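Structure file work.txt; described as compact mmCIF, C-alpha atoms.
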```txt
# COMPACT_ATOMS: atom_id res chain seq x y z
CA MET A 420 0.00 0.00 0.00
CA HIS A 421 1.43 3.37 -1.06
CA LEU A 422 0.12 6.25 1.04
CA VAL A 423 1.03 9.65 -0.36
CA ILE A 424 0.54 13.01 1.34
CA VAL A 425 0.79 16.31 -0.49
CA GLY A 426 1.55 19.12 1.94
CA GLY A 427 3.62 18.80 5.11
CA GLY A 428 1.93 21.21 7.51
CA VAL A 429 0.26 20.11 10.71
CA ALA A 430 -2.43 18.11 8.88
CA GLY A 431 0.02 16.31 6.61
CA MET A 432 2.49 15.50 9.36
CA THR A 433 -0.20 14.37 11.79
CA ALA A 434 -1.63 12.08 9.13
CA ALA A 435 1.82 10.71 8.23
CA GLN A 436 2.54 9.68 11.79
CA ARG A 437 -0.91 8.16 12.28
CA LEU A 438 -0.72 6.26 8.97
CA ARG A 439 2.67 4.91 10.02
CA ALA A 440 1.16 3.63 13.28
CA LEU A 441 -1.98 2.19 11.65
CA ASP A 442 -0.31 0.37 8.77
CA PRO A 443 3.32 -0.57 9.52
CA ALA A 444 3.63 -2.39 6.18
CA ALA A 445 2.62 0.56 4.01
CA SER A 446 4.97 3.11 2.50
CA VAL A 447 4.24 6.64 3.70
CA THR A 448 5.55 9.57 1.66
CA VAL A 449 5.13 13.30 2.32
CA PHE A 450 5.82 15.89 -0.37
CA ASP A 451 6.14 19.50 0.62
CA ALA A 452 6.96 22.54 -1.48
CA ASP A 453 8.53 24.32 1.51
CA PRO A 454 12.31 23.83 1.65
CA HIS A 455 12.38 23.83 5.48
CA PRO A 456 11.49 20.68 7.39
CA TYR A 457 8.17 20.87 9.24
CA TYR A 458 7.94 23.78 11.65
CA LEU A 459 5.16 24.91 13.97
CA ARG A 460 3.49 27.66 12.00
CA PRO A 461 2.07 29.57 15.02
CA GLY A 462 5.66 29.97 16.18
CA LEU A 463 6.55 32.08 13.12
CA ILE A 464 5.17 35.11 14.92
CA GLU A 465 7.88 34.63 17.55
CA VAL A 466 10.46 34.49 14.76
CA VAL A 467 9.17 37.83 13.46
CA ALA A 468 9.37 39.21 17.01
CA GLY A 469 13.02 38.16 17.03
CA LEU A 470 12.38 36.05 20.13
CA LYS A 471 12.93 32.66 18.47
CA HIS A 472 14.86 31.14 15.61
CA LEU A 473 13.35 28.80 13.07
CA SER A 474 15.22 25.93 14.75
CA ASP A 475 13.35 26.68 18.02
CA ILE A 476 10.02 25.95 16.34
CA THR A 477 11.19 22.95 14.30
CA PRO A 478 10.27 19.85 16.28
CA HIS A 479 12.23 17.20 14.38
CA SER A 480 15.20 16.85 12.07
CA ARG A 481 14.82 15.35 8.58
CA GLU A 482 16.53 12.21 9.90
CA TRP A 483 13.83 11.77 12.54
CA TYR A 484 11.17 11.31 9.86
CA GLU A 485 13.28 8.72 8.07
CA GLU A 486 13.80 6.91 11.39
CA GLN A 487 10.01 6.86 11.79
CA GLY A 488 9.72 5.22 8.39
CA ILE A 489 8.26 8.33 6.75
CA SER A 490 9.75 9.32 3.41
CA TYR A 491 9.83 13.11 3.62
CA ARG A 492 10.67 15.20 0.58
CA THR A 493 10.86 18.94 1.12
CA ALA A 494 11.25 21.53 -1.66
CA THR A 495 9.20 19.22 -3.84
CA GLN A 496 6.11 20.47 -5.61
CA VAL A 497 3.43 18.06 -6.75
CA THR A 498 2.28 19.48 -10.06
CA ARG A 499 -0.45 17.09 -11.13
CA VAL A 500 -2.55 14.14 -10.03
CA ASP A 501 -3.18 11.51 -12.68
CA VAL A 502 -6.41 10.09 -11.31
CA PRO A 503 -6.99 7.13 -13.69
CA SER A 504 -3.41 5.86 -13.20
CA ARG A 505 -3.23 6.85 -9.50
CA LEU A 506 0.03 8.74 -9.91
CA VAL A 507 1.28 12.09 -8.71
CA GLN A 508 3.69 14.04 -10.85
CA LEU A 509 6.50 16.04 -9.26
CA ASP A 510 8.13 19.26 -10.46
CA SER A 511 11.19 17.18 -11.38
CA GLY A 512 8.99 15.30 -13.86
CA ASP A 513 9.11 12.06 -11.84
CA THR A 514 5.89 10.25 -11.08
CA VAL A 515 5.02 8.43 -7.86
CA ALA A 516 2.24 5.87 -7.50
CA TYR A 517 -0.37 6.09 -4.76
CA ASP A 518 -3.11 3.82 -3.52
CA ARG A 519 -4.52 6.50 -1.23
CA LEU A 520 -3.73 10.19 -1.54
CA LEU A 521 -4.13 12.92 1.07
CA LEU A 522 -4.29 16.53 -0.06
CA SER A 523 -3.14 18.69 2.84
CA THR A 524 -1.86 21.56 0.75
CA GLY A 525 -2.95 24.20 3.27
CA ALA A 526 -3.65 27.80 2.44
CA ASP A 527 -2.02 30.96 1.18
CA ALA A 528 -2.34 34.35 2.76
CA PHE A 529 -5.29 36.15 1.23
CA CYS A 530 -4.19 39.53 -0.06
CA PRO A 531 -7.00 41.90 -1.04
CA PRO A 532 -6.11 44.55 -3.62
CA VAL A 533 -4.33 47.50 -1.99
CA PRO A 534 -3.64 50.25 -4.56
CA GLY A 535 0.08 50.97 -4.53
CA ALA A 536 1.01 47.54 -3.14
CA GLU A 537 2.29 46.39 -6.53
CA ARG A 538 4.66 49.36 -6.55
CA TYR A 539 5.85 49.65 -2.94
CA GLY A 540 5.39 46.08 -1.78
CA VAL A 541 3.58 44.47 1.14
CA PHE A 542 4.39 41.44 3.23
CA THR A 543 2.25 38.50 4.24
CA LEU A 544 3.06 35.82 6.83
CA ARG A 545 2.49 32.20 5.98
CA SER A 546 5.89 30.52 5.64
CA ALA A 547 9.30 30.55 7.29
CA GLU A 548 10.61 32.43 4.29
CA ASN A 549 7.95 35.13 4.79
CA ALA A 550 8.90 35.41 8.47
CA GLU A 551 12.59 35.80 7.67
CA ARG A 552 11.83 38.48 5.10
CA ILE A 553 9.71 40.47 7.53
CA LEU A 554 12.40 40.10 10.19
CA GLY A 555 14.93 41.44 7.69
CA ALA A 556 12.70 44.39 6.85
CA THR A 557 12.32 45.32 10.54
CA GLU A 558 16.06 46.14 10.58
CA LYS A 559 15.43 49.05 8.22
CA SER A 560 12.04 50.23 9.49
CA ARG A 561 10.79 52.20 12.44
CA THR A 562 7.08 52.20 11.59
CA ALA A 563 4.74 49.41 10.53
CA VAL A 564 1.10 49.11 9.55
CA ILE A 565 -0.76 45.84 9.65
CA VAL A 566 -3.77 45.64 7.34
CA GLY A 567 -6.28 43.37 9.07
CA GLY A 568 -7.36 43.37 12.71
CA GLY A 569 -7.91 39.64 13.10
CA TRP A 570 -5.85 37.16 15.12
CA LEU A 571 -2.79 37.23 12.91
CA GLY A 572 -2.87 40.98 12.44
CA LEU A 573 -2.89 41.63 16.18
CA GLU A 574 -0.18 39.04 16.83
CA MET A 575 1.87 40.69 14.11
CA ALA A 576 1.37 44.13 15.68
CA ARG A 577 2.57 42.74 19.00
CA ALA A 578 5.59 41.08 17.39
CA LEU A 579 6.60 44.26 15.55
CA ALA A 580 6.08 46.36 18.68
CA VAL A 581 8.38 43.93 20.52
CA ARG A 582 10.94 44.57 17.75
CA GLY A 583 10.73 48.25 18.64
CA LEU A 584 8.62 49.44 15.71
CA GLU A 585 5.74 51.83 16.07
CA ALA A 586 2.87 49.60 14.96
CA SER A 587 -0.63 50.44 13.77
CA VAL A 588 -3.48 48.12 12.88
CA VAL A 589 -6.14 49.04 10.34
CA GLU A 590 -9.39 47.10 10.17
CA ARG A 591 -12.26 47.45 7.75
CA GLU A 592 -14.94 46.29 10.21
CA GLU A 593 -16.16 48.42 13.08
CA TRP A 594 -14.10 46.64 15.72
CA LEU A 595 -11.07 44.37 16.15
CA LEU A 596 -11.38 40.60 15.81
CA PRO A 597 -14.76 41.03 14.15
CA GLY A 598 -15.06 37.30 13.57
CA GLN A 599 -14.72 36.42 17.23
CA LEU A 600 -15.12 39.38 19.53
CA ASP A 601 -18.10 41.65 20.06
CA ARG A 602 -18.00 45.43 20.22
CA GLU A 603 -17.75 45.64 24.02
CA GLY A 604 -14.87 43.19 24.25
CA ALA A 605 -13.04 44.81 21.35
CA GLY A 606 -13.31 48.15 23.12
CA VAL A 607 -11.51 46.76 26.18
CA LEU A 608 -8.90 45.17 23.89
CA SER A 609 -8.30 48.39 21.93
CA ALA A 610 -7.70 50.30 25.15
CA LEU A 611 -5.17 47.70 26.29
CA LEU A 612 -3.36 47.82 22.92
CA HIS A 613 -3.30 51.60 23.06
CA GLU A 614 -1.57 51.43 26.44
CA GLN A 615 1.11 49.29 24.79
CA GLY A 616 1.67 51.87 22.07
CA ILE A 617 -0.19 50.04 19.30
CA HIS A 618 -2.49 52.33 17.31
CA VAL A 619 -5.84 50.99 16.16
CA TYR A 620 -7.92 52.29 13.25
CA THR A 621 -11.28 50.57 12.76
CA ALA A 622 -14.15 51.13 10.31
CA VAL A 623 -11.57 51.92 7.64
CA ALA A 624 -13.26 52.20 4.24
CA GLU A 625 -10.19 52.49 2.02
CA VAL A 626 -6.48 51.65 2.22
CA THR A 627 -3.89 52.84 -0.31
CA LEU A 628 -0.12 53.23 -0.48
CA PRO A 629 0.28 56.71 -2.00
CA GLU A 630 4.08 56.79 -1.77
CA LYS A 631 6.94 54.86 -0.27
CA GLY A 632 6.73 54.68 3.51
CA LEU A 633 3.17 56.01 3.77
CA LEU A 634 -0.23 54.39 4.06
CA ARG A 635 -3.43 56.32 3.61
CA VAL A 636 -6.73 55.28 5.13
CA VAL A 637 -10.18 56.73 4.72
CA LYS A 638 -12.28 56.61 7.86
CA ASP A 639 -15.62 58.37 8.34
CA SER A 640 -15.05 60.05 4.95
CA ARG A 641 -11.81 61.60 6.25
CA ALA A 642 -8.36 60.65 4.99
CA VAL A 643 -5.56 59.93 7.46
CA THR A 644 -1.97 59.27 6.43
CA ILE A 645 0.10 56.93 8.60
CA ARG A 646 3.87 56.38 8.42
CA ALA A 647 4.42 52.82 7.28
CA GLU A 648 7.88 51.77 6.24
CA LEU A 649 6.75 48.18 6.62
CA VAL A 650 3.26 47.04 5.55
CA VAL A 651 1.97 43.59 6.43
CA VAL A 652 -1.34 42.33 5.08
CA ALA A 653 -3.08 39.87 7.39
CA ALA A 654 -6.50 39.47 5.84
CA GLY A 655 -7.17 35.77 6.23
CA ILE A 656 -6.39 32.71 4.17
CA ARG A 657 -7.25 31.30 0.78
CA CYS A 658 -7.29 27.51 0.40
CA ARG A 659 -4.70 26.08 -2.00
CA THR A 660 -7.20 24.18 -4.08
CA ASP A 661 -5.50 24.39 -7.47
CA LEU A 662 -4.00 20.88 -7.46
CA ALA A 663 -7.29 19.39 -6.33
CA LEU A 664 -9.26 21.36 -8.90
CA ARG A 665 -6.99 20.20 -11.70
CA ALA A 666 -7.46 16.63 -10.48
CA GLY A 667 -11.19 17.22 -10.81
CA THR A 668 -12.36 17.07 -7.20
CA GLU A 669 -15.30 19.15 -6.11
CA ALA A 670 -14.13 22.40 -4.51
CA ARG A 671 -15.87 25.52 -3.33
CA ARG A 672 -13.95 27.72 -0.90
CA GLY A 673 -11.94 24.59 -0.04
CA VAL A 674 -11.77 21.03 -1.30
CA VAL A 675 -15.11 19.52 -0.37
CA VAL A 676 -14.87 16.48 1.92
CA ASP A 677 -17.48 14.26 3.53
CA ASP A 678 -17.55 12.99 7.13
CA TRP A 679 -14.76 10.54 6.23
CA LEU A 680 -12.59 13.33 4.80
CA ALA A 681 -13.02 11.77 1.36
CA THR A 682 -13.14 14.09 -1.65
CA SER A 683 -15.43 13.50 -4.60
CA ILE A 684 -12.74 11.28 -6.19
CA SER A 685 -12.28 7.73 -4.92
CA GLY A 686 -8.98 7.21 -3.08
CA ILE A 687 -8.32 10.93 -2.59
CA TYR A 688 -8.80 12.55 0.81
CA ALA A 689 -8.26 16.10 2.06
CA ALA A 690 -7.60 17.56 5.52
CA GLY A 691 -6.53 20.78 7.20
CA ASP A 692 -6.73 24.34 5.91
CA VAL A 693 -7.44 23.20 2.35
CA ALA A 694 -10.50 21.15 3.30
CA GLU A 695 -14.10 22.31 3.40
CA TRP A 696 -16.30 20.12 5.59
CA ARG A 697 -20.03 20.86 5.74
CA GLY A 698 -19.29 24.42 4.63
CA HIS A 699 -16.56 24.99 7.24
CA VAL A 700 -12.97 25.92 6.44
CA TYR A 701 -11.70 26.01 10.01
CA GLY A 702 -8.15 27.25 9.50
CA ILE A 703 -7.15 26.21 13.03
CA ILE A 704 -4.69 23.65 14.37
CA PRO A 705 -7.09 21.47 16.38
CA ALA A 706 -9.33 21.02 13.33
CA ALA A 707 -6.35 20.22 11.11
CA ARG A 708 -5.28 17.54 13.59
CA ASP A 709 -8.75 16.07 14.09
CA GLN A 710 -9.29 15.92 10.34
CA ALA A 711 -5.85 14.41 9.71
CA LEU A 712 -6.44 11.65 12.27
CA ALA A 713 -9.81 10.80 10.73
CA ALA A 714 -8.43 10.97 7.19
CA ALA A 715 -5.56 8.64 8.10
CA ALA A 716 -7.93 6.09 9.64
CA ASN A 717 -10.17 6.16 6.58
CA MET A 718 -7.26 5.94 4.16
CA VAL A 719 -6.28 2.67 5.82
CA GLU A 720 -9.84 1.42 6.28
CA HIS A 721 -12.53 3.52 4.69
CA GLY A 722 -15.48 4.17 6.96
CA SER A 723 -13.55 3.45 10.16
CA LEU A 724 -13.55 6.94 11.71
CA ARG A 725 -16.18 9.59 11.25
CA TYR A 726 -15.21 13.25 11.63
CA ARG A 727 -17.75 15.22 13.65
CA GLY A 728 -16.31 18.71 13.53
CA SER A 729 -13.93 20.52 15.86
CA THR A 730 -14.56 22.91 18.71
CA PRO A 731 -12.71 26.13 17.96
CA LEU A 732 -10.57 27.29 20.84
CA ASN A 733 -8.38 30.21 20.05
CA THR A 734 -6.11 31.82 22.57
CA LEU A 735 -4.15 34.89 21.69
CA LYS A 736 -1.68 36.94 23.59
CA VAL A 737 -1.51 40.56 22.54
CA ALA A 738 0.99 42.76 24.35
CA GLY A 739 0.73 40.46 27.32
CA VAL A 740 -3.07 40.28 27.25
CA ASP A 741 -4.67 36.85 27.21
CA LEU A 742 -7.70 36.52 25.02
CA ALA A 743 -9.65 33.32 24.54
CA ILE A 744 -12.68 32.62 22.41
CA ILE A 745 -14.47 29.42 23.36
CA GLY A 746 -17.19 27.72 21.33
CA ASP A 747 -19.95 29.91 19.88
CA ALA A 748 -19.16 33.33 21.32
CA GLN A 749 -21.84 35.09 19.24
CA PRO A 750 -19.76 38.10 18.17
CA ARG A 751 -22.78 39.64 16.49
CA GLY A 752 -25.40 38.43 18.88
CA GLY A 753 -27.57 35.39 18.40
CA ARG A 754 -30.13 33.16 20.05
CA GLY A 755 -28.09 32.45 23.16
CA GLN A 756 -28.39 34.62 26.25
CA GLU A 757 -25.34 36.88 26.68
CA LEU A 758 -23.97 37.80 30.10
CA ARG A 759 -21.06 40.22 30.49
CA HIS A 760 -18.59 41.24 33.15
CA ILE A 761 -16.70 44.36 32.02
CA ASP A 762 -13.80 45.61 34.15
CA PRO A 763 -11.64 47.95 32.00
CA ALA A 764 -9.58 49.13 35.00
CA ASN A 765 -8.17 45.63 35.41
CA GLY A 766 -8.26 44.84 31.70
CA VAL A 767 -10.80 42.08 32.20
CA TYR A 768 -13.76 41.30 29.95
CA ARG A 769 -15.78 38.15 30.38
CA LYS A 770 -18.80 37.11 28.35
CA LEU A 771 -20.78 33.91 28.71
CA VAL A 772 -23.26 32.68 26.11
CA LEU A 773 -25.94 30.36 27.52
CA ASP A 774 -28.87 28.46 26.10
CA GLY A 775 -32.31 28.31 27.72
CA HIS A 776 -31.13 25.51 30.05
CA THR A 777 -28.08 27.48 31.30
CA ARG A 778 -25.76 25.28 29.23
CA LEU A 779 -22.59 27.07 28.16
CA LEU A 780 -22.52 27.57 24.37
CA GLY A 781 -19.49 29.82 24.27
CA ALA A 782 -17.44 32.39 26.11
CA VAL A 783 -15.03 35.27 25.61
CA LEU A 784 -12.28 35.82 28.14
CA LEU A 785 -9.98 38.81 28.02
CA GLY A 786 -7.28 39.16 30.65
CA ASP A 787 -8.42 35.95 32.34
CA ARG A 788 -6.23 32.95 31.68
CA ASP A 789 -7.52 30.87 34.58
CA GLY A 790 -10.97 30.57 33.10
CA VAL A 791 -10.00 29.12 29.73
CA ARG A 792 -9.73 25.44 30.60
CA PRO A 793 -12.67 25.23 33.04
CA LEU A 794 -15.01 27.07 30.68
CA GLN A 795 -13.86 25.01 27.72
CA ALA A 796 -14.57 21.86 29.71
CA LEU A 797 -18.03 23.17 30.68
CA ALA A 798 -18.80 24.07 27.04
CA ARG A 799 -17.77 20.59 25.95
CA SER A 800 -19.68 18.79 28.71
CA GLY A 801 -22.98 20.44 27.82
CA ALA A 802 -23.89 20.37 31.53
CA SER A 803 -26.43 22.83 32.92
CA LEU A 804 -24.63 25.50 34.95
CA GLY A 805 -27.66 26.24 37.16
CA ASP A 806 -26.78 28.51 40.07
CA ARG A 807 -23.06 28.56 39.16
CA VAL A 808 -23.71 31.16 36.44
CA GLN A 809 -23.16 34.29 38.54
CA GLY A 810 -20.06 32.85 40.17
CA LEU A 811 -18.55 31.93 36.80
CA LEU A 812 -19.35 35.38 35.46
CA ALA A 813 -17.40 36.82 38.40
CA GLY A 814 -14.47 34.54 37.63
CA GLU A 815 -14.99 31.93 40.36
CA TYR A 816 -14.05 28.69 38.67
CA THR A 817 -13.54 26.26 41.53
CA LEU A 818 -16.55 24.24 42.55
CA PRO A 819 -17.82 25.22 45.98
CA MET B 686 1.29 17.60 39.83
CA SER B 687 3.10 20.32 37.87
CA LYS B 688 1.78 22.42 35.01
CA TRP B 689 3.87 22.46 31.84
CA GLU B 690 4.15 25.28 29.28
CA CYS B 691 4.63 24.99 25.53
CA THR B 692 7.85 26.81 24.60
CA VAL B 693 6.46 27.64 21.16
CA CYS B 694 3.02 29.13 21.83
CA GLY B 695 2.75 29.44 25.60
CA TRP B 696 -0.18 27.04 25.98
CA ILE B 697 -0.19 25.50 29.45
CA TYR B 698 -0.96 21.85 30.22
CA ASP B 699 -2.87 21.67 33.48
CA PRO B 700 -3.03 18.06 34.71
CA GLN B 701 -6.19 18.85 36.69
CA VAL B 702 -7.95 19.62 33.42
CA GLY B 703 -6.22 17.17 31.09
CA ASP B 704 -6.78 17.69 27.38
CA PRO B 705 -10.25 16.64 26.27
CA SER B 706 -9.39 17.48 22.66
CA GLN B 707 -7.03 14.49 22.61
CA GLY B 708 -8.91 12.26 25.01
CA ILE B 709 -6.68 13.02 28.01
CA GLN B 710 -8.63 12.61 31.24
CA PRO B 711 -8.42 15.18 34.05
CA GLY B 712 -5.85 14.04 36.62
CA THR B 713 -3.30 12.83 34.06
CA PRO B 714 0.25 13.97 34.94
CA PHE B 715 2.25 15.45 32.08
CA GLU B 716 4.76 12.61 32.36
CA ASP B 717 1.99 10.08 31.61
CA LEU B 718 0.86 11.71 28.37
CA PRO B 719 1.41 9.42 25.39
CA ASP B 720 4.33 10.21 23.07
CA SER B 721 1.84 10.96 20.30
CA TRP B 722 0.31 13.79 22.35
CA VAL B 723 1.07 17.32 21.10
CA CYS B 724 0.25 20.87 22.10
CA PRO B 725 -3.38 21.36 21.04
CA GLU B 726 -2.69 24.96 20.08
CA CYS B 727 0.41 24.73 17.91
CA GLY B 728 1.22 21.04 17.48
CA ALA B 729 4.49 21.04 19.45
CA PRO B 730 5.51 17.60 20.76
CA LYS B 731 5.99 16.87 24.48
CA ASP B 732 9.73 17.54 24.48
CA MET B 733 9.08 21.17 23.55
CA PHE B 734 7.32 21.76 26.89
CA GLU B 735 8.91 23.13 30.04
CA GLU B 736 7.84 22.44 33.59
CA LEU B 737 6.48 25.45 35.45
CA GLY B 738 8.00 25.92 38.89
```
Would you give me this structure, written as structure tokens?
Amino acid sequence: MHLVIVGGGVAGMTAAQRLRALDPAASVTVFDADPHPYYLRPGLIEVVAGLKHLSDITPHSREWYEEQGISYRTATQVTRVDVPSRLVQLDSGDTVAYDRLLLSTGADAFCPPVPGAERYGVFTLRSAENAERILGATEKSRTAVIVGGGWLGLEMARALAVRGLEASVVEREEWLLPGQLDREGAGVLSALLHEQGIHVYTAVAEVTLPEKGLLRVVKDSRAVTIRAELVVVAAGIRCRTDLALRAGTEARRGVVVDDWLATSISGIYAAGDVAEWRGHVYGIIPAARDQALAAAANMVEHGSLRYRGSTPLNTLKVAGVDLAIIGDAQPRGGRGQELRHIDPANGVYRKLVLDGHTRLLGAVLLGDRDGVRPLQALARSGASLGDRVQGLLAGEYTLP
Amino acid sequence: MSKWECTVCGWIYDPQVGDPSQGIQPGTPFEDLPDSWVCPECGAPKDMFEELG
């Protein structure tokens, strides 16, 4: 049995190790276009901050994979899948046979059109090479603007502030982290960022680069020009579906998979940032892992492990502030009942989302690390909170 | 039982909570986690964690 994986990010590497364990007789091969051996992508932000080297976020040497019985070929692009012959073609022209194929090609940084970007250049962060380039650019820059006030944008602002740059974040929506946080929580977060010297511009209608080192935004019909020797665009991801599309699998935003992570073509599976399951492209590590484990099981024995979705848990540290979004936090309201504890003086914001039976559907925690695990466990358990609600809202997590 | 911190992303393993996302029951010491266990936030393996004093 030849098991071939295209894409060596967290999904591909998780699947490779699980396939190795499930079928010791099979050959397991991973192809990855990136020249660096597998690194932990969330750690790239620490590389940009100058706090870590690439080696600090690289868990294993190339030799380790060979010792595990995984054939690992970096700097190798798979250019085509020959479905009838069950072959993949490499950029060298060689072909490799597969019995089961996993597409874990991940995602690229999405870069919306910014007038002037083609002339003056912008950075994105997705790969080790990107991180090293941004790090290099920080040597020559004193000011930076990050376009996009989501998770990555705020982490990037923190990293560049740590490097000593004056950092600003511009966001099109009315508040930061519009996908996760509500207006009240974002207000507390903005104040905390401001204290750390990070400028925040929200409700920005237009972004252009009028000349080198400057970025112009239009906000409330007024133009503001910000010094920006370094511009980083952090506007989300776009699934790398091209290989799958050329193979003929069904793809929408991502490569469409069923509950067994199977694509529309027999013998071809997909997992991680490239996969779209029941309309979701999660773009988070726990989902990539869960999907990879299910895909691996089904590649060895189809139908053996059903994927049932992943619970998003995102924790972010911005300028020393802990922020966690658990479950369905209803950033724009919803059917669940919302309870808030707002304490700007101490930099604490806590929101609980409950159903009609006081079961915890989701939560937002800002400046409250202790609550993350207990509230995540309560959200998972689906237990009724009953008279614990007020205590939890006040940050009392231990059972009386 | 000690808590352990991921050196890559700062996620903290609390043995009292375990890690439900990977089927780790509350009360499991870090030392008893299987070798296949990784940081649920960034994917770092066990040997990239440091014990918190």
Do you know which residues are at most 8 Å from stretch 714-731 of chain B counting only C-alpha atoms, after dropping those on the same chain fewer than 5 positions away, and could you put them as a VMD selection string? (chain A and resid 429 459 to 462 478 704 to 705 733) or (chain B and resid 686 to 689 691 693 to 694 696 698 700 706 to 707 709)
Every residue with an atom at most 7 Å from (-7.9, 45.1, 13.9) (file coordinates; all atoms listed in the file) is what I'm after, so could you write them as a PDB file with C-alpha atoms, in the coordinates of the input?
```
ATOM      1  CA  GLY A 567      -6.280  43.370   9.070  1.00  0.00           C
ATOM      2  CA  GLY A 568      -7.360  43.370  12.710  1.00  0.00           C
ATOM      3  CA  GLY A 569      -7.910  39.640  13.100  1.00  0.00           C
ATOM      4  CA  GLY A 572      -2.870  40.980  12.440  1.00  0.00           C
ATOM      5  CA  LEU A 573      -2.890  41.630  16.180  1.00  0.00           C
ATOM      6  CA  VAL A 588      -3.480  48.120  12.880  1.00  0.00           C
ATOM      7  CA  VAL A 589      -6.140  49.040  10.340  1.00  0.00           C
ATOM      8  CA  GLU A 590      -9.390  47.100  10.170  1.00  0.00           C
ATOM      9  CA  TRP A 594     -14.100  46.640  15.720  1.00  0.00           C
ATOM     10  CA  LEU A 595     -11.070  44.370  16.150  1.00  0.00           C
ATOM     11  CA  LEU A 596     -11.380  40.600  15.810  1.00  0.00           C
ATOM     12  CA  VAL A 619      -5.840  50.990  16.160  1.00  0.00           C
ATOM     13  CA  THR A 621     -11.280  50.570  12.760  1.00  0.00           C
TER      14      THR A 621
END
```
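Rounded to one decimal, atom CA of A:Leu506 and atom CA of A:Thr668 lie 15.2 Å from each other.
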Record the distance separating atom CA of A:Gly801 and atom CA of A:Val676, expressed in Å with one decimal. 27.4 Å
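Take the candidates A:His479, A:Glu648, A:Glu465, A:Leu441 and check each one against B:Asp732 using all atoms listed in the file; the shortest distance goes to A:His479.
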Please list as a PyMOL selection string every residue within 7 Å of A:Asp518, counting all atoms listed in the file and excluding residues in the same chain fewer than 3 positions away. chain A and resi 420-422+505+686
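Atom CA of A:Asp741 sits 23.5 Å away from atom CA of A:Ile656.
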I'd like the neighbourhood of B:Val702 as a list of chain:residue names, where a residue qualifies if any of its atoms comes within 7 Å (using only C-alpha atoms), though same-chain residues fewer than 4 positions away should be ignored. A:Arg792, B:Pro711, B:Gly712
Option closest in space to A:Thr644, from A:Pro534, A:Gly632, A:Gly512, A:Gly814 [counting only C-alpha atoms]: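 Counting only C-alpha atoms, the residue closest to A:Thr644 is A:Gly632.
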Padded axis-aligned box of stretch 704-722 of chain B (5 Å per side), centre and edge lengths, Å, one decimal, as lines of an AutoDock Vina configuration file:
```
center_x = -2.7
center_y = 13.6
center_z = 28.5
size_x = 25.0
size_y = 18.3
size_z = 26.3
```
Between A:Ser803, A:Thr777, A:Ser729, A:Gln487, which is the closest to chain B once you count only C-alpha atoms?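 Using only C-alpha atoms, the shortest distance to chain B belongs to A:Ser729.
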Can you tell me, as number ranges by chain, what residues are no more than 12 Å from A:Pro454 when counting all atoms listed in the file, ignoring any on the same chain fewer than 2 positions away? A: 426-427, 450-452, 456-458, 481, 491-496, 546-548
Check the smallest atom-to-atom distance from each of A:Ala624, A:Ala430, A:Leu611, A:Ala516 to chain B using all atoms listed in the file, then report the winner. A:Ala430
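Shortest atom-to-atom contact with A:Leu634 among A:Gly535, A:Leu664, A:Ser683, A:Glu558: A:Gly535, counting all atoms listed in the file.
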Contacts of stretch 688-700 of chain A at 9 Å (all atoms listed in the file; same-chain gap of 5+ positions) as a PyMOL selection string: chain A and resi 428-431+434+519-526+656-660+670-683+706-711+713-715+717-718+728
How would the residues just picked look written out with C-alpha atoms as a CSV table (one decimal), keeping the file's coordinate frame?
```
chain,number,residue,atom,x,y,z
A,428,GLY,CA,1.9,21.2,7.5
A,429,VAL,CA,0.3,20.1,10.7
A,430,ALA,CA,-2.4,18.1,8.9
A,431,GLY,CA,0.0,16.3,6.6
A,434,ALA,CA,-1.6,12.1,9.1
A,519,ARG,CA,-4.5,6.5,-1.2
A,520,LEU,CA,-3.7,10.2,-1.5
A,521,LEU,CA,-4.1,12.9,1.1
A,522,LEU,CA,-4.3,16.5,-0.1
A,523,SER,CA,-3.1,18.7,2.8
A,524,THR,CA,-1.9,21.6,0.8
A,525,GLY,CA,-3.0,24.2,3.3
A,526,ALA,CA,-3.6,27.8,2.4
A,656,ILE,CA,-6.4,32.7,4.2
A,657,ARG,CA,-7.2,31.3,0.8
A,658,CYS,CA,-7.3,27.5,0.4
A,659,ARG,CA,-4.7,26.1,-2.0
A,660,THR,CA,-7.2,24.2,-4.1
A,670,ALA,CA,-14.1,22.4,-4.5
A,671,ARG,CA,-15.9,25.5,-3.3
A,672,ARG,CA,-14.0,27.7,-0.9
A,673,GLY,CA,-11.9,24.6,0.0
A,674,VAL,CA,-11.8,21.0,-1.3
A,675,VAL,CA,-15.1,19.5,-0.4
A,676,VAL,CA,-14.9,16.5,1.9
A,677,ASP,CA,-17.5,14.3,3.5
A,678,ASP,CA,-17.6,13.0,7.1
A,679,TRP,CA,-14.8,10.5,6.2
A,680,LEU,CA,-12.6,13.3,4.8
A,681,ALA,CA,-13.0,11.8,1.4
A,682,THR,CA,-13.1,14.1,-1.6
A,683,SER,CA,-15.4,13.5,-4.6
A,706,ALA,CA,-9.3,21.0,13.3
A,707,ALA,CA,-6.4,20.2,11.1
A,708,ARG,CA,-5.3,17.5,13.6
A,709,ASP,CA,-8.8,16.1,14.1
A,710,GLN,CA,-9.3,15.9,10.3
A,711,ALA,CA,-5.8,14.4,9.7
A,713,ALA,CA,-9.8,10.8,10.7
A,714,ALA,CA,-8.4,11.0,7.2
A,715,ALA,CA,-5.6,8.6,8.1
A,717,ASN,CA,-10.2,6.2,6.6
A,718,MET,CA,-7.3,5.9,4.2
A,728,GLY,CA,-16.3,18.7,13.5
```
